[in-house]
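Pasting input11.cif here (mmCIF, C-alpha atoms):
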data_run
loop_
_atom_site.group_PDB
_atom_site.id
_atom_site.type_symbol
_atom_site.label_atom_id
_atom_site.label_comp_id
_atom_site.auth_asym_id
_atom_site.auth_seq_id
_atom_site.Cartn_x
_atom_site.Cartn_y
_atom_site.Cartn_z
ATOM 1 C CA MET I 1 0.000 0.000 0.000
ATOM 2 C CA ALA I 2 1.326 3.468 -0.891
ATOM 3 C CA ILE I 3 0.501 4.896 2.548
ATOM 4 C CA ASP I 4 2.583 2.242 4.314
ATOM 5 C CA HIS I 5 5.419 2.992 1.909
ATOM 6 C CA LEU I 6 5.152 6.695 2.809
ATOM 7 C CA ARG I 7 5.466 5.919 6.511
ATOM 8 C CA THR I 8 8.619 3.901 5.861
ATOM 9 C CA ALA I 9 10.257 6.008 3.147
ATOM 10 C CA TYR I 10 9.619 9.503 4.518
ATOM 11 C CA GLN I 11 12.599 9.697 6.850
ATOM 12 C CA PRO I 12 14.578 12.944 6.636
ATOM 13 C CA VAL I 13 17.860 12.558 8.509
ATOM 14 C CA LEU I 14 17.766 15.314 11.076
ATOM 15 C CA ASP I 15 21.454 15.353 11.972
ATOM 16 C CA SER I 16 22.755 15.700 8.420
ATOM 17 C CA SER I 17 22.685 18.241 5.627
ATOM 18 C CA SER I 18 19.197 17.017 4.693
ATOM 19 C CA GLY I 19 18.045 18.072 8.172
ATOM 20 C CA GLU I 20 19.387 21.550 7.486
ATOM 21 C CA ASP I 21 17.632 21.544 4.117
ATOM 22 C CA VAL I 22 14.344 20.596 5.781
ATOM 23 C CA GLU I 23 14.732 23.447 8.273
ATOM 24 C CA ALA I 24 15.444 25.896 5.428
ATOM 25 C CA VAL I 25 12.372 24.776 3.496
ATOM 26 C CA LEU I 26 10.203 25.099 6.605
ATOM 27 C CA ALA I 27 11.534 28.613 7.197
ATOM 28 C CA VAL I 28 10.454 29.556 3.671
ATOM 29 C CA VAL I 29 7.026 27.962 4.206
ATOM 30 C CA ARG I 30 6.640 30.033 7.393
ATOM 31 C CA MET I 31 7.582 33.204 5.509
ATOM 32 C CA THR I 32 4.887 32.553 2.896
ATOM 33 C CA HIS I 33 2.276 33.363 5.526
ATOM 34 C CA ASP I 34 3.647 36.861 6.093
ATOM 35 C CA GLU I 35 5.041 37.854 2.708
ATOM 36 C CA PRO I 36 2.451 38.256 -0.093
ATOM 37 C CA ALA I 37 4.999 37.835 -2.898
ATOM 38 C CA LEU I 38 6.324 34.613 -1.382
ATOM 39 C CA ARG I 39 2.762 33.404 -0.793
ATOM 40 C CA ALA I 40 1.935 33.964 -4.443
ATOM 41 C CA ALA I 41 5.038 32.058 -5.565
ATOM 42 C CA TYR I 42 4.267 29.247 -3.104
ATOM 43 C CA LEU I 43 0.720 28.915 -4.408
ATOM 44 C CA VAL I 44 1.946 28.831 -8.019
ATOM 45 C CA LEU I 45 4.330 26.020 -7.093
ATOM 46 C CA ARG I 46 1.484 24.145 -5.400
ATOM 47 C CA GLU I 47 -0.600 24.564 -8.547
ATOM 48 C CA ARG I 48 2.218 23.147 -10.663
ATOM 49 C CA ALA I 49 2.589 20.265 -8.221
ATOM 50 C CA GLU I 50 -1.086 19.483 -8.720
ATOM 51 C CA GLU I 51 -0.497 19.197 -12.467
ATOM 52 C CA THR I 52 2.270 16.688 -11.785
ATOM 53 C CA PHE I 53 0.067 14.736 -9.363
ATOM 54 C CA THR I 54 -2.592 14.639 -12.058
ATOM 55 C CA GLU I 55 -0.198 13.084 -14.573
ATOM 56 C CA VAL I 56 1.149 10.529 -12.102
ATOM 57 C CA LEU I 57 -2.260 9.571 -10.736
ATOM 58 C CA ALA I 58 -3.769 9.300 -14.210
ATOM 59 C CA GLU I 59 -1.110 6.783 -15.153
ATOM 60 C CA ARG I 60 -1.581 4.822 -11.911
ATOM 61 C CA MET I 61 -5.353 4.879 -12.224
ATOM 62 C CA GLY I 62 -5.248 3.990 -15.925
ATOM 63 C CA MET I 63 -7.371 7.002 -16.795
ATOM 64 C CA PRO I 64 -6.866 10.154 -18.888
ATOM 65 C CA PRO I 65 -5.431 13.104 -16.939
ATOM 66 C CA GLY I 66 -8.478 15.272 -17.685
ATOM 67 C CA THR I 67 -10.850 12.837 -16.018
ATOM 68 C CA PHE I 68 -12.803 14.366 -13.152
ATOM 69 C CA GLU I 69 -11.854 11.558 -10.756
ATOM 70 C CA VAL I 70 -8.156 11.983 -11.491
ATOM 71 C CA ARG I 71 -8.297 15.758 -11.130
ATOM 72 C CA VAL I 72 -10.170 15.532 -7.806
ATOM 73 C CA GLN I 73 -7.683 12.971 -6.476
ATOM 74 C CA ALA I 74 -4.767 15.195 -7.508
ATOM 75 C CA ALA I 75 -6.341 18.311 -5.982
ATOM 76 C CA SER I 76 -7.105 16.447 -2.760
ATOM 77 C CA THR I 77 -3.595 15.050 -2.527
ATOM 78 C CA ASN I 78 -2.138 18.478 -3.149
ATOM 79 C CA ALA I 79 -4.372 20.015 -0.477
ATOM 80 C CA VAL I 80 -3.329 17.396 2.089
ATOM 81 C CA LEU I 81 0.346 18.038 1.350
ATOM 82 C CA LYS I 82 -0.112 21.813 1.595
ATOM 83 C CA VAL I 83 -1.923 21.619 4.929
ATOM 84 C CA ALA I 84 0.624 19.120 6.251
ATOM 85 C CA ALA I 85 3.559 21.321 5.223
ATOM 86 C CA ASP I 86 1.954 24.394 6.780
ATOM 87 C CA GLU I 87 1.197 22.499 9.991
ATOM 88 C CA PHE I 88 4.689 21.012 10.181
ATOM 89 C CA ALA I 89 6.224 24.450 9.670
ATOM 90 C CA ARG I 90 4.008 25.865 12.430
ATOM 91 C CA GLU I 91 4.750 22.982 14.810
ATOM 92 C CA THR I 92 8.518 23.282 14.401
ATOM 93 C CA ALA I 93 8.753 27.086 14.570
ATOM 94 C CA GLY I 94 11.099 28.097 17.343
ATOM 95 C CA ARG I 95 11.685 24.569 18.608
ATOM 96 C CA GLY I 96 13.111 22.763 15.618
ATOM 97 C CA ILE I 97 12.431 19.303 14.307
ATOM 98 C CA THR I 98 12.531 16.509 16.820
ATOM 99 C CA PRO I 99 12.105 12.815 16.047
ATOM 100 C CA GLU I 100 8.757 12.907 17.874
ATOM 101 C CA VAL I 101 7.430 15.880 15.882
ATOM 102 C CA LEU I 102 8.662 14.293 12.660
ATOM 103 C CA ASN I 103 6.987 10.986 13.507
ATOM 104 C CA ASP I 104 3.709 12.756 14.372
ATOM 105 C CA HIS I 105 3.904 14.670 11.089
ATOM 106 C CA ARG I 106 4.562 11.507 9.102
ATOM 107 C CA GLU I 107 1.624 9.713 10.759
ATOM 108 C CA GLN I 108 -0.757 12.671 10.262
ATOM 109 C CA LEU I 109 0.251 12.935 6.625
ATOM 110 C CA ALA I 110 -0.131 9.205 5.995
ATOM 111 C CA HIS I 111 -3.484 9.140 7.790
ATOM 112 C CA ALA I 112 -4.860 12.127 5.852
ATOM 113 C CA LEU I 113 -3.648 10.792 2.504
ATOM 114 C CA GLY I 114 -5.127 7.406 3.365
ATOM 115 C CA LEU I 115 -8.486 8.960 4.171
ATOM 116 C CA VAL I 116 -8.536 10.915 0.928
ATOM 117 C CA THR I 117 -7.428 7.945 -1.137
ATOM 118 C CA ARG I 118 -9.909 5.506 0.401
ATOM 119 C CA ARG I 119 -12.848 7.948 0.294
ATOM 120 C CA LEU I 120 -12.264 8.954 -3.304
ATOM 121 C CA SER I 121 -11.743 5.389 -4.458
ATOM 122 C CA GLY I 122 -14.903 4.272 -2.673
ATOM 123 C CA THR I 123 -13.097 1.750 -0.463
ATOM 124 C CA ASP I 124 -13.942 3.543 2.785
ATOM 125 C CA THR I 125 -17.604 3.537 3.741
ATOM 126 C CA GLY I 126 -17.191 5.061 7.202
#
Show me the file's structure as structure tokens.
Amino acid sequence: MAIDHLRTAYQPVLDSSSGEDVEAVLAVVRMTHDEPALRAAYLVLRERAEETFTEVLAERMGMPPGTFEVRVQAASTNAVLKVAADEFARETAGRGITPEVLNDHREQLAHALGLVTRRLSGTDTG
């Protein structure tokens, strides 16, 4: 299952250069809330990411990219990732990334993506 893979594969190394890169990205995400020009650029990047999700999901779903179901799945996935990034940036502001915060973030992200995926595919009736 893709969600289980996410839980396993999403492991930034906090005591390496990738940990510094994660902190830098989160600092930029935080700035997008206060700087209109950065917010606009951030939203354009999110929009472009949605286009990429659409292409990838269309291939995985065996459907054309313009299909409503594919576009909704891509938009939902993009929204989950945006909210998760914003929340992670907020949670780590001023205190940094700890293994516990990272694990909570990973679990929240996997749970939200799982909900979206199951609901949109019709495999979750609850």
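Residue nearest I:Phe88 within the list I:Val72, I:Leu115, I:Ala37, I:Leu109: I:Leu109 [criterion: smallest interatomic distance, only C-alpha atoms].
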With only C-alpha atoms as the basis for distance, which of I:Glu35, I:Thr117, I:Lys82, I:Asp104 is at the shortest distance from I:Val70?
I:Thr117
Running the PyMOL selection byres ((chain I and resi 74) around 12) on this model by hand, what would come out? Give it as an MDAnalysis selection string.
chainID I and resid 46:61 65:73 75:81 113 116:117 120
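Atom CA of I:Ala112 is positioned 22.4 Å from atom CA of I:His33.
What separates atom CA of I:Val101 from atom CA of I:Met31 is a distance of 20.2 Å.
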Suppose a student applies the PyMOL selection byres ((chain I and resi 97) around 9) to this structure; what residues should they get, written as a ChimeraX atom specification?
/I:14,19,22-23,88,91-93,95-96,98-102
Selection to disk with C-alpha atoms, as a PDB file, in the coordinates of the input:
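Writing done, so here's part.pdb:
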ATOM      1  CA  LEU I  14      17.766  15.314  11.076  1.00  0.00           C
ATOM      2  CA  GLY I  19      18.045  18.072   8.172  1.00  0.00           C
ATOM      3  CA  VAL I  22      14.344  20.596   5.781  1.00  0.00           C
ATOM      4  CA  GLU I  23      14.732  23.447   8.273  1.00  0.00           C
ATOM      5  CA  PHE I  88       4.689  21.012  10.181  1.00  0.00           C
ATOM      6  CA  GLU I  91       4.750  22.982  14.810  1.00  0.00           C
ATOM      7  CA  THR I  92       8.518  23.282  14.401  1.00  0.00           C
ATOM      8  CA  ALA I  93       8.753  27.086  14.570  1.00  0.00           C
ATOM      9  CA  ARG I  95      11.685  24.569  18.608  1.00  0.00           C
ATOM     10  CA  GLY I  96      13.111  22.763  15.618  1.00  0.00           C
ATOM     11  CA  THR I  98      12.531  16.509  16.820  1.00  0.00           C
ATOM     12  CA  PRO I  99      12.105  12.815  16.047  1.00  0.00           C
ATOM     13  CA  GLU I 100       8.757  12.907  17.874  1.00  0.00           C
ATOM     14  CA  VAL I 101       7.430  15.880  15.882  1.00  0.00           C
ATOM     15  CA  LEU I 102       8.662  14.293  12.660  1.00  0.00           C
TER      16      LEU I 102
END
Residue with the minimum atom-to-atom distance to I:Leu45, picked from I:Met63, I:Val29, I:Ala24, I:Ala110 with only C-alpha atoms counted, is I:Val29
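If you look at atom CA of I:Glu20 and atom CA of I:Asp86, they are 17.7 Å away from each other.
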Adding 3 Å on each side of the box along x, y and z that holds all listed atoms of stretch 98-111 of chain I, could you give its centre and edge lengths in Å to one decimal, as JSON?
{"center_x": 4.5, "center_y": 12.8, "center_z": 11.9, "size_x": 22.0, "size_y": 13.4, "size_z": 17.9}
